[in-house]
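Chemist: Before we start, here is the structure in question, set down as structure tokens.
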Amino acid sequence: MSEVKRHEDIVYLDNASTTRPDPRVINAVTGVLGHDFGNPSSLHRLGARAERLLDESRERVARVINAESGEIYFTSGGTEANNWAIAGTVASRAKDPHIVSTTVEHPSVISMLDHLHEDGWEISLIGVDEEGRVDPDEIMDAVTPDTALVSIMFVQNEIGTIQECREIGRRIRGLGPKRPWFHVDAVQGFARLPIDVKDWGVDLMSMSAHKIHGIKGAGALYIRKGVRLGPLVFGGGQESGLRSGTENMPGIVGFGTACEVWSEDREEVMTRLASFRKRLVDGVRSVFPDAVLHGPEDEGVAPHICHFSFPGLRGESILHALEARDVYVSTGSACSSHKTRPSPVIMALTGNEDEALSAIRFSMSRDTSEEDIDRTVKALDESLRELSAWRRK
Ligand SMILES: Cc1ncc(COP(=O)(O)O)c(C=O)c1O
């Protein structure tokens, strides 16, 4: 495998897959690995110090979504949090064997629901419009007295569409005490966009550290006080007995630090990314006028994600042509990008296999600069010319 250049020398626009840990995160993680390596369950001073760091990290994560720190349960990431939200509901509410979700959820939700369907659960997957938006009316129409859970993602990870979680949550809350629980997969919107679990009426929310400049292997599930979710891992009783196992302290402390980093300048960063997204959209259209933008043009889309199809070309070929010019992008979600099958999300949106196979996702982060966008457009122009020339041969 050829060598990867230093990050300063490449343009990295695959941040919806993972982000580069912030230097302040690396510093905090190194501190835990080097000095504060105690186990939070130990009774001596090193243990007490670790426990303090754990509590502080829990508070930092809670603050981002307006939760209480006792409502945050650390996990290994977003996949585990999503699996737990669903499996824990199944364990607690077996008498209500119905779940409502959408056709564009992350595989960590969809494959869990497929598995439950095989086990006899009724699953209603609601479709989306051409911009990837689910209609709250359709969600509510699907809810029955047997519905245990409504699970909706906040920001779609491939195309960036923002779902109306606040509206859906408020309507579910209006159903009264015997209502379904409301789970939000917030992995792509967490820390970047404002979230208020109380105002939105959320019962369960999934988060992940490595999408926000933390490190891989850490995440969290918010469980609203009063929701009696079944445990995920049995053992020594960590995480209030719901998710046993010695805590991943470097990952957790890094996660809390990443939350602090974002809370300092979130709005400023996101305003900057919104202008970069516009610059990128205009640039892509100028070099390939037939490019098809998936998801909303500018309103109702997360500023860090921009997804285009280049009909007639293969996404994978474009990706490698860009890579040869030191620009790193993705053909779809990271989990499915090793398989050359059309993206199920683009298929759900357009039903057009050519568009689904020619898709490229550009995703930005705190590190992205205007120069990165201009370099990307230039590299795209050269790549598309090269690929079109090959096609004509
Ligand atoms: C919307 C969404 N949910 C869940 C996940 C899974 O998160 P993790 O990589 O932390 O397991 C991802 C990762 O791509 C995601 O984008």
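FYI, nothing fancy with the structure tokens labels: chains A, B, ... in order, residues from 1 per chain, ligands from 1 as they appear.
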Residues contacting ligand 1 - anything with an atom at most 6 Å away, using only C-alpha atoms and all ligand atoms - can you give me those as a list of chain:residue names?
Modeler: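 With only C-alpha atoms and all ligand atoms and a cut-off of 6 Å, ligand 1 is contacted by A:Ser17, A:Gly77, A:Gly78, A:Thr79, A:His106, A:Gln156, A:Asn157, A:Asp185, A:Val187, A:Gln188, A:Ser208.
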Chemist: What lies within 12 Å of Cys165 in chain A using only C-alpha atoms, ignoring chain neighbours under 2 positions off, as an NGL selection string?
Modeler: :A and (133-136 or 139 or 150-155 or 161-163 or 167-173 or 182-186 or 189 or 194-203 or 205 or 300)
Chemist: Which is closest to Ala85 in chain A among A:Glu8, A:His35, A:Asn15, A:Met207, if we use only C-alpha atoms?
Modeler: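 The answer is A:Met207, which sits nearest to Ala85 in chain A.
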Chemist: Please return as a count of residues only: the residues of range 120-297 of chain A that backbone DSSP assigns to alpha helix (DSSP H).
Modeler: 59
Chemist: Find the residue from A:Thr350, A:Leu54, A:Phe308, A:Ala359 that sits nearest to Thr331 in chain A; use only C-alpha atoms when measuring.
Modeler: A:Ala359
Chemist: Just list as a PyMOL selection string whatever in range 182-389 of chain A DSSP marks as strand (DSSP E).
Modeler: chain A and resi 182-185+204-208+219-223+292-294+305-309+327-328+359-363
Chemist: Between CA of Pro342 in chain A and CA of Asp14 in chain A, measure the distance and give it in Å to one decimal.
Modeler: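 Those two atoms sit 18.5 Å apart.
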Chemist: Given only C-alpha atoms as the basis, pick out the residue of A:Val100, A:Ala302, A:Val292, A:Val253 nearest to Leu53 in chain A.
Modeler: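 Of all the options, A:Val253 lies closest to Leu53 in chain A.
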Chemist: When distances are computed from only C-alpha atoms, which of A:Gly237, A:Pro145, A:Gly283, A:Gly70 shows the smallest separation from Pro180 in chain A?
Modeler: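 Comparing A:Gly237, A:Pro145, A:Gly283, A:Gly70 against Pro180 in chain A, the winner is A:Pro145.
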Chemist: Each residue of range 141-193 of chain A lying at most 10 Å from range 361-376 of chain A should get a row with its shortest atom-to-atom pair and the distance in Å to one decimal, counting only C-alpha atoms; could you produce that, ordered by chain and increasing number, as JSON lines?
Modeler:
```
{"residue": "A:Asn157", "atom": "CA", "partner": "A:Arg361", "partner_atom": "CA", "distance": 9.6}
{"residue": "A:Glu158", "atom": "CA", "partner": "A:Arg361", "partner_atom": "CA", "distance": 6.7}
{"residue": "A:Ile159", "atom": "CA", "partner": "A:Arg361", "partner_atom": "CA", "distance": 7.5}
{"residue": "A:Gly160", "atom": "CA", "partner": "A:Ser363", "partner_atom": "CA", "distance": 9.3}
{"residue": "A:Arg192", "atom": "CA", "partner": "A:Ser365", "partner_atom": "CA", "distance": 9.5}
```
Chemist: Keeping only N, CA and C atoms, write those residues as a PDB file, in the first residue's frame.
Modeler:
```pdb
ATOM      1  N   ASN A 157     -26.577  10.697   7.174  1.00  0.00           N
ATOM      2  CA  ASN A 157     -25.119  10.682   7.078  1.00  0.00           C
ATOM      3  C   ASN A 157     -24.586  10.740   5.651  1.00  0.00           C
ATOM      4  N   GLU A 158     -25.390  10.395   4.638  1.00  0.00           N
ATOM      5  CA  GLU A 158     -24.875  10.446   3.264  1.00  0.00           C
ATOM      6  C   GLU A 158     -25.183  11.774   2.590  1.00  0.00           C
ATOM      7  N   ILE A 159     -26.388  12.305   2.834  1.00  0.00           N
ATOM      8  CA  ILE A 159     -26.783  13.507   2.079  1.00  0.00           C
ATOM      9  C   ILE A 159     -27.001  14.738   2.959  1.00  0.00           C
ATOM     10  N   GLY A 160     -26.981  14.558   4.269  1.00  0.00           N
ATOM     11  CA  GLY A 160     -27.016  15.712   5.173  1.00  0.00           C
ATOM     12  C   GLY A 160     -28.396  16.252   5.526  1.00  0.00           C
ATOM     13  N   ARG A 192     -22.497  19.769  16.367  1.00  0.00           N
ATOM     14  CA  ARG A 192     -22.433  20.713  15.235  1.00  0.00           C
ATOM     15  C   ARG A 192     -23.681  21.591  15.181  1.00  0.00           C
TER      16      ARG A 192
END
```
Chemist: Can you tell me which residues surround range 123-127 of chain A at a distance of at most 6 Å, considering only C-alpha atoms, apart from same-chain residues fewer than 5 positions away, and format the answer as a PyMOL selection string?
Modeler: chain A and resi 98-103
Chemist: Work out how far CA of Asn82 in chain A is from CA of Gly219 in chain A, in Å to one decimal.
Modeler: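 A separation of 10.4 Å between them.
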Chemist: Write out as a ChimeraX atom specification each polymer residue whose atoms come within 10 Å of Val32 in chain A, counting only C-alpha atoms; drop sequence neighbours fewer than 3 positions from it.
Modeler: /A:26-29,35-38,50,53,249-254
